[in-house]
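Peer 1: My structure is in start_32.csv, and what it holds is CSV, C-alpha atoms:
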chain,number,residue,atom,x,y,z
W,1,MET,CA,18.0,122.7,144.6
W,2,ARG,CA,18.1,122.2,148.4
W,3,ASN,CA,19.1,118.6,147.9
W,4,ALA,CA,21.9,119.6,145.6
W,5,ARG,CA,23.3,122.0,148.2
W,6,LEU,CA,23.0,119.3,150.9
W,7,LEU,CA,24.8,116.8,148.7
W,8,ALA,CA,27.6,119.3,147.9
W,9,SER,CA,28.0,120.0,151.6
W,10,GLN,CA,28.2,116.3,152.4
W,11,VAL,CA,30.8,115.7,149.7
W,12,ARG,CA,32.9,118.6,151.0
W,13,TYR,CA,32.6,117.1,154.5
W,14,GLU,CA,33.7,113.7,153.3
W,15,GLN,CA,36.6,115.2,151.4
W,16,LYS,CA,37.8,117.1,154.5
W,17,ALA,CA,37.6,114.0,156.6
W,18,PHE,CA,39.5,111.9,154.0
W,19,TRP,CA,42.4,114.3,153.6
W,20,ARG,CA,42.7,115.0,157.3
W,21,ASN,CA,43.9,111.4,157.5
W,22,PRO,CA,47.3,111.4,155.6
W,23,ALA,CA,47.5,107.6,155.7
W,24,ALA,CA,44.3,107.4,153.7
W,25,GLY,CA,45.7,109.5,150.9
W,26,ILE,CA,48.9,107.5,150.8
W,27,PHE,CA,47.3,104.1,150.6
W,28,THR,CA,44.4,105.1,148.4
W,29,VAL,CA,46.0,107.5,145.9
W,30,GLY,CA,49.7,106.8,146.4
W,31,PHE,CA,49.8,103.1,145.9
W,32,PRO,CA,48.6,102.9,142.3
W,33,ILE,CA,51.1,105.6,141.4
W,34,MET,CA,53.9,103.8,143.2
W,35,PHE,CA,53.1,100.4,141.5
W,36,LEU,CA,52.8,102.1,138.1
W,37,LEU,CA,56.3,103.6,138.5
W,38,ILE,CA,57.9,100.4,139.8
W,39,PHE,CA,56.4,97.9,137.4
W,40,GLY,CA,56.5,100.3,134.5
W,41,SER,CA,60.2,101.1,135.0
W,42,THR,CA,61.2,97.4,135.4
W,43,ASN,CA,59.2,96.2,132.3
W,44,HIS,CA,59.4,99.2,130.1
W,45,SER,CA,60.4,97.5,126.8
W,46,THR,CA,58.4,94.3,127.1
W,47,HIS,CA,55.1,93.5,125.3
W,48,VAL,CA,52.1,91.7,126.5
W,49,THR,CA,52.2,88.0,125.8
W,50,GLY,CA,49.7,87.0,123.1
W,51,ASN,CA,49.2,90.6,122.0
W,52,PRO,CA,52.5,91.9,120.6
W,53,GLY,CA,50.9,95.2,119.5
W,54,VAL,CA,50.3,96.2,123.1
W,55,SER,CA,53.3,97.2,125.2
W,56,TYR,CA,53.4,96.3,128.9
W,57,ASP,CA,53.2,100.1,129.8
W,58,GLN,CA,50.1,100.4,127.7
W,59,TYR,CA,48.6,97.4,129.5
W,60,LEU,CA,49.8,98.6,132.9
W,61,VAL,CA,48.1,102.1,132.9
W,62,PRO,CA,44.5,100.9,132.6
W,63,ALA,CA,45.4,98.0,135.0
W,64,MET,CA,46.6,100.5,137.6
W,65,LEU,CA,43.5,102.5,137.1
W,66,ALA,CA,41.4,99.4,137.9
W,67,TYR,CA,43.5,98.8,141.0
W,68,GLY,CA,43.3,102.4,142.1
W,69,LEU,CA,39.6,102.7,141.5
W,70,MET,CA,38.7,99.5,143.3
W,71,ASN,CA,41.0,100.5,146.2
W,72,SER,CA,39.2,103.9,146.6
W,73,CYS,CA,35.6,102.8,145.8
W,74,PHE,CA,35.5,99.3,147.2
W,75,THR,CA,38.2,98.8,149.9
W,76,ALA,CA,38.2,102.2,151.5
W,77,LEU,CA,34.5,102.7,151.3
W,78,ALA,CA,33.6,99.2,152.7
W,79,ILE,CA,36.0,99.6,155.6
W,80,ALA,CA,34.9,103.1,156.5
W,81,MET,CA,31.2,102.3,156.3
W,82,THR,CA,31.6,99.3,158.5
W,83,ILE,CA,33.5,101.3,161.1
W,84,ARG,CA,30.9,104.0,161.0
W,85,ARG,CA,28.1,101.4,161.4
W,86,GLU,CA,29.7,99.6,164.4
W,87,SER,CA,30.6,102.9,166.1
W,88,GLY,CA,26.9,104.0,165.9
W,89,ILE,CA,27.6,106.9,163.5
W,90,LEU,CA,25.3,105.5,160.8
W,91,LYS,CA,22.5,105.0,163.3
W,92,ARG,CA,22.8,108.6,164.5
W,93,ILE,CA,22.8,109.9,161.0
W,94,LYS,CA,19.7,107.9,160.2
W,95,GLY,CA,18.0,109.7,163.1
W,96,THR,CA,18.9,113.2,161.8
W,97,PRO,CA,16.9,115.3,159.2
W,98,LEU,CA,19.7,114.5,156.7
W,99,PRO,CA,18.1,112.1,154.1
W,100,PRO,CA,20.0,108.8,154.0
W,101,TYR,CA,20.4,109.0,150.2
W,102,ILE,CA,22.2,112.4,150.6
W,103,PHE,CA,24.6,110.9,153.1
W,104,LEU,CA,25.3,107.9,150.9
W,105,GLY,CA,25.6,110.3,147.9
W,106,GLY,CA,28.2,112.2,149.8
W,107,VAL,CA,30.2,109.1,150.6
W,108,ILE,CA,30.0,107.9,147.0
W,109,GLY,CA,30.8,111.4,145.7
W,110,ASN,CA,33.9,111.5,147.8
W,111,SER,CA,35.0,108.2,146.2
W,112,VAL,CA,34.3,109.6,142.7
W,113,LEU,CA,36.5,112.7,143.4
W,114,ILE,CA,39.3,110.5,144.6
W,115,SER,CA,38.9,108.3,141.6
W,116,ILE,CA,39.1,111.3,139.2
W,117,LEU,CA,42.3,112.4,141.0
W,118,THR,CA,43.8,109.0,140.7
W,119,THR,CA,42.8,108.7,137.0
W,120,VAL,CA,44.3,112.1,136.1
W,121,ILE,CA,47.6,111.3,137.9
W,122,VAL,CA,48.0,107.8,136.6
W,123,VAL,CA,47.2,108.7,133.0
W,124,THR,CA,49.4,111.8,133.2
W,125,ILE,CA,52.4,109.7,134.5
W,126,GLY,CA,51.7,107.0,131.8
W,127,ILE,CA,51.8,109.6,129.0
W,128,ALA,CA,54.7,111.7,130.4
W,129,GLU,CA,57.0,108.9,131.8
W,130,PHE,CA,56.2,105.8,129.7
W,131,GLY,CA,55.0,107.3,126.4
W,132,VAL,CA,51.6,105.8,126.6
W,133,SER,CA,49.2,107.3,124.1
W,134,MET,CA,46.0,109.1,125.1
W,135,PRO,CA,42.8,107.1,124.9
W,136,THR,CA,41.8,106.6,121.3
W,137,HIS,CA,38.1,106.8,122.4
W,138,PRO,CA,38.0,109.5,125.1
W,139,ALA,CA,34.2,109.4,125.5
W,140,ALA,CA,34.2,105.7,125.9
W,141,PHE,CA,37.0,106.0,128.4
W,142,VAL,CA,34.9,108.4,130.6
W,143,VAL,CA,31.9,106.1,130.4
W,144,VAL,CA,33.9,103.0,131.4
W,145,ILE,CA,35.4,104.9,134.3
W,146,LEU,CA,32.0,106.0,135.5
W,147,ILE,CA,30.5,102.5,135.3
W,148,GLY,CA,33.6,101.1,137.1
W,149,VAL,CA,33.2,103.6,139.9
W,150,VAL,CA,29.5,102.7,140.3
W,151,ALA,CA,30.3,99.0,140.3
W,152,PHE,CA,33.0,99.2,142.9
W,153,CYS,CA,31.1,101.6,145.1
W,154,THR,CA,28.0,99.4,145.1
W,155,MET,CA,30.2,96.3,145.8
W,156,GLY,CA,31.7,98.2,148.7
W,157,LEU,CA,28.3,98.9,150.2
W,158,ALA,CA,27.1,95.4,149.6
W,159,VAL,CA,30.2,93.7,151.2
W,160,THR,CA,29.6,95.5,154.5
W,161,ILE,CA,26.7,93.2,155.0
W,162,PHE,CA,29.1,90.3,155.5
W,163,VAL,CA,31.5,92.1,157.9
W,164,PRO,CA,30.5,91.4,161.5
W,165,ASN,CA,32.5,94.2,163.3
W,166,ALA,CA,34.9,97.1,162.8
W,167,ASP,CA,38.0,95.1,164.0
W,168,SER,CA,37.5,92.5,161.3
W,169,ALA,CA,36.7,95.0,158.5
W,170,PRO,CA,40.3,95.5,157.2
W,171,ALA,CA,41.1,91.8,157.3
W,172,ILE,CA,37.9,90.7,155.5
W,173,VAL,CA,37.7,93.5,152.9
W,174,ASN,CA,41.4,93.1,152.0
W,175,GLY,CA,41.1,89.4,152.1
W,176,ILE,CA,38.5,89.8,149.3
W,177,TYR,CA,40.2,92.6,147.5
W,178,LEU,CA,43.8,91.4,147.3
W,179,PRO,CA,43.3,87.9,145.8
W,180,ILE,CA,40.8,89.3,143.2
W,181,ILE,CA,43.4,92.0,142.2
W,182,PHE,CA,46.1,89.3,141.7
W,183,ILE,CA,44.0,86.7,139.9
W,184,SER,CA,42.6,89.4,137.6
W,185,GLY,CA,46.0,90.1,136.0
W,186,VAL,CA,46.3,93.6,137.3
W,187,PHE,CA,50.1,93.6,137.8
W,188,PHE,CA,51.0,91.0,135.1
W,189,PRO,CA,48.8,89.4,132.4
W,190,ILE,CA,47.7,85.8,133.2
W,191,SER,CA,47.5,83.1,130.5
W,192,ASN,CA,44.0,82.5,129.2
W,193,THR,CA,44.4,78.8,129.8
W,194,SER,CA,45.2,79.3,133.5
W,195,ILE,CA,42.6,78.3,136.1
W,196,LEU,CA,43.4,81.6,137.9
W,197,HIS,CA,42.4,83.5,134.7
W,198,LYS,CA,39.1,81.6,134.6
W,199,ILE,CA,38.4,82.3,138.3
W,200,GLY,CA,39.4,86.0,137.9
W,201,ASN,CA,37.0,86.4,134.9
W,202,VAL,CA,34.1,85.8,137.3
W,203,PHE,CA,34.9,89.2,138.9
W,204,PRO,CA,34.6,92.6,137.2
W,205,VAL,CA,38.2,93.8,137.8
W,206,ASN,CA,39.8,92.2,134.8
W,207,HIS,CA,36.8,93.1,132.6
W,208,PHE,CA,37.0,96.7,133.7
W,209,ALA,CA,40.8,96.8,133.0
W,210,GLN,CA,40.2,95.3,129.5
W,211,SER,CA,37.5,97.8,128.8
W,212,LEU,CA,39.8,100.6,129.7
W,213,LEU,CA,42.6,99.0,127.6
W,214,ALA,CA,40.3,98.9,124.6
W,215,THR,CA,39.7,102.7,124.9
W,216,PHE,CA,43.4,103.3,125.0
W,217,ALA,CA,44.5,100.8,122.3
W,218,GLY,CA,41.5,101.4,120.0
W,219,TYR,CA,40.9,97.7,119.2
W,220,GLY,CA,37.2,97.7,120.3
W,221,PRO,CA,34.3,98.7,118.1
W,222,GLY,CA,34.2,102.1,116.5
W,223,PHE,CA,33.1,103.9,119.7
W,224,GLY,CA,35.6,102.0,121.9
W,225,ILE,CA,33.5,99.9,124.2
W,226,THR,CA,33.9,96.1,124.2
W,227,PHE,CA,30.4,94.9,125.1
W,228,ARG,CA,31.3,91.6,126.6
W,229,GLU,CA,33.7,93.1,129.1
W,230,PHE,CA,31.5,96.1,129.7
W,231,SER,CA,28.4,94.0,130.3
W,232,VAL,CA,30.1,92.0,133.1
W,233,VAL,CA,30.9,95.2,135.0
W,234,ILE,CA,27.3,96.4,134.6
W,235,ILE,CA,25.9,93.1,135.8
W,236,TRP,CA,28.1,93.3,138.9
W,237,SER,CA,26.8,96.9,139.4
W,238,ILE,CA,23.2,95.9,139.2
W,239,VAL,CA,23.6,92.8,141.5
W,240,SER,CA,25.6,94.7,144.1
W,241,LEU,CA,23.1,97.6,144.1
W,242,TRP,CA,20.2,95.1,144.6
W,243,ILE,CA,22.0,93.5,147.5
W,244,ALA,CA,22.9,96.8,149.1
W,245,ILE,CA,19.3,98.2,148.8
W,246,ARG,CA,17.8,95.1,150.4
W,247,ARG,CA,20.4,94.3,153.1
W,248,PHE,CA,22.4,97.4,154.0
W,249,ARG,CA,22.4,97.9,157.7
W,250,TRP,CA,22.5,101.3,159.6
W,251,GLU,CA,22.6,99.8,163.1
W,252,PRO,CA,25.5,98.0,164.8
W,253,ARG,CA,25.2,94.3,164.9
W,254,LYS,CA,25.6,94.2,168.7
Kindly return the structure encoded in the file as structure tokens.
Peer 2:
Amino acid sequence: MRNARLLASQVRYEQKAFWRNPAAGIFTVGFPIMFLLIFGSTNHSTHVTGNPGVSYDQYLVPAMLAYGLMNSCFTALAIAMTIRRESGILKRIKGTPLPPYIFLGGVIGNSVLISILTTVIVVTIGIAEFGVSMPTHPAAFVVVILIGVVAFCTMGLAVTIFVPNADSAPAIVNGIYLPIIFISGVFFPISNTSILHKIGNVFPVNHFAQSLLATFAGYGPGFGITFREFSVVIIWSIVSLWIAIRRFRWEPRK
């Protein structure tokens, strides 16, 4: 019970710190909404190449969810944790009575809440503005979202290992994040024969977006989860968690 109260307090603190920085809200929550409105409006009547039964809007909503969740759970988390590490905040926290897993739980919990907010807004706009249908498999939709959040959060913690200092954090993290987003077909579908598609398939973003699309379009198995796509996201979660547990640093490099 005490740990639950500590975790709730840490999540509240992280939420306050996040929303006191307006730029964080704009870039993290606002960008997926902006891109959804821009691309959805300019390609409203088109259909996905190779899948005429799926409109571009239907494709774009889960793709923007993948973009938004990776932005909040991977990019924002990795940059923030690197800055905290190099400024000595993590080292000081490690020396307090607050258990490290409670602190990390608060950071991840903050990302979860932002992801939930992003999901609600993006899906609502997709339904109200572009006529996208509700997920055919709502339970599968929730499961896929949760696994995606876990995968991107653990990836964010793992990538901090490779960032040498706070100044380089935005460049390195965005240098990883932006190419993956584009080659994963988030904004526009990429041909299956393209080399970019093959490279993008190594990463979990496209698989996550396709898993979400299956829950919307209802073309997966009866319970809405495409196991091939879903398994790739889970594998990335497990590998990233293993790396983070073994190599995550609390002390500055210098």
Peer 1: Ala8 of chain W: which residues within 10 Å, counting all atoms listed in the file, same-chain residues fewer than 3 positions away excluded, as a count of residues only?
Peer 2: 12
Peer 1: Between W:Trp250, W:Pro99, W:His207, W:Ser184, which has the minimum distance to Leu157 of chain W (counting all atoms listed in the file)?
Peer 2: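 Between W:Trp250, W:Pro99, W:His207, W:Ser184, the residue approaching Leu157 of chain W most closely is W:Trp250.
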Peer 1: What is the atom CA of Asp167 of chain W to atom CA of Ser87 of chain W distance in Å?
Peer 2: 11.0 Å
Peer 1: Could you please determine the separation between atom CA of Lys16 of chain W and atom CA of Ile181 of chain W in Å, to one decimal place?
Peer 2: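 Calculated distance between atom CA of Lys16 of chain W and atom CA of Ile181 of chain W is 28.5 Å.
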Peer 1: Hey, what's within 6 Å of segment 237-243 of chain W if we count all atoms listed in the file and toss same-chain stuff fewer than 3 positions away? As a list in words, please?
Peer 2: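 In the requested form, the answer reads Ala151, Thr154, Met155, Ala158, Ile234, Arg246 and Arg247 of chain W.
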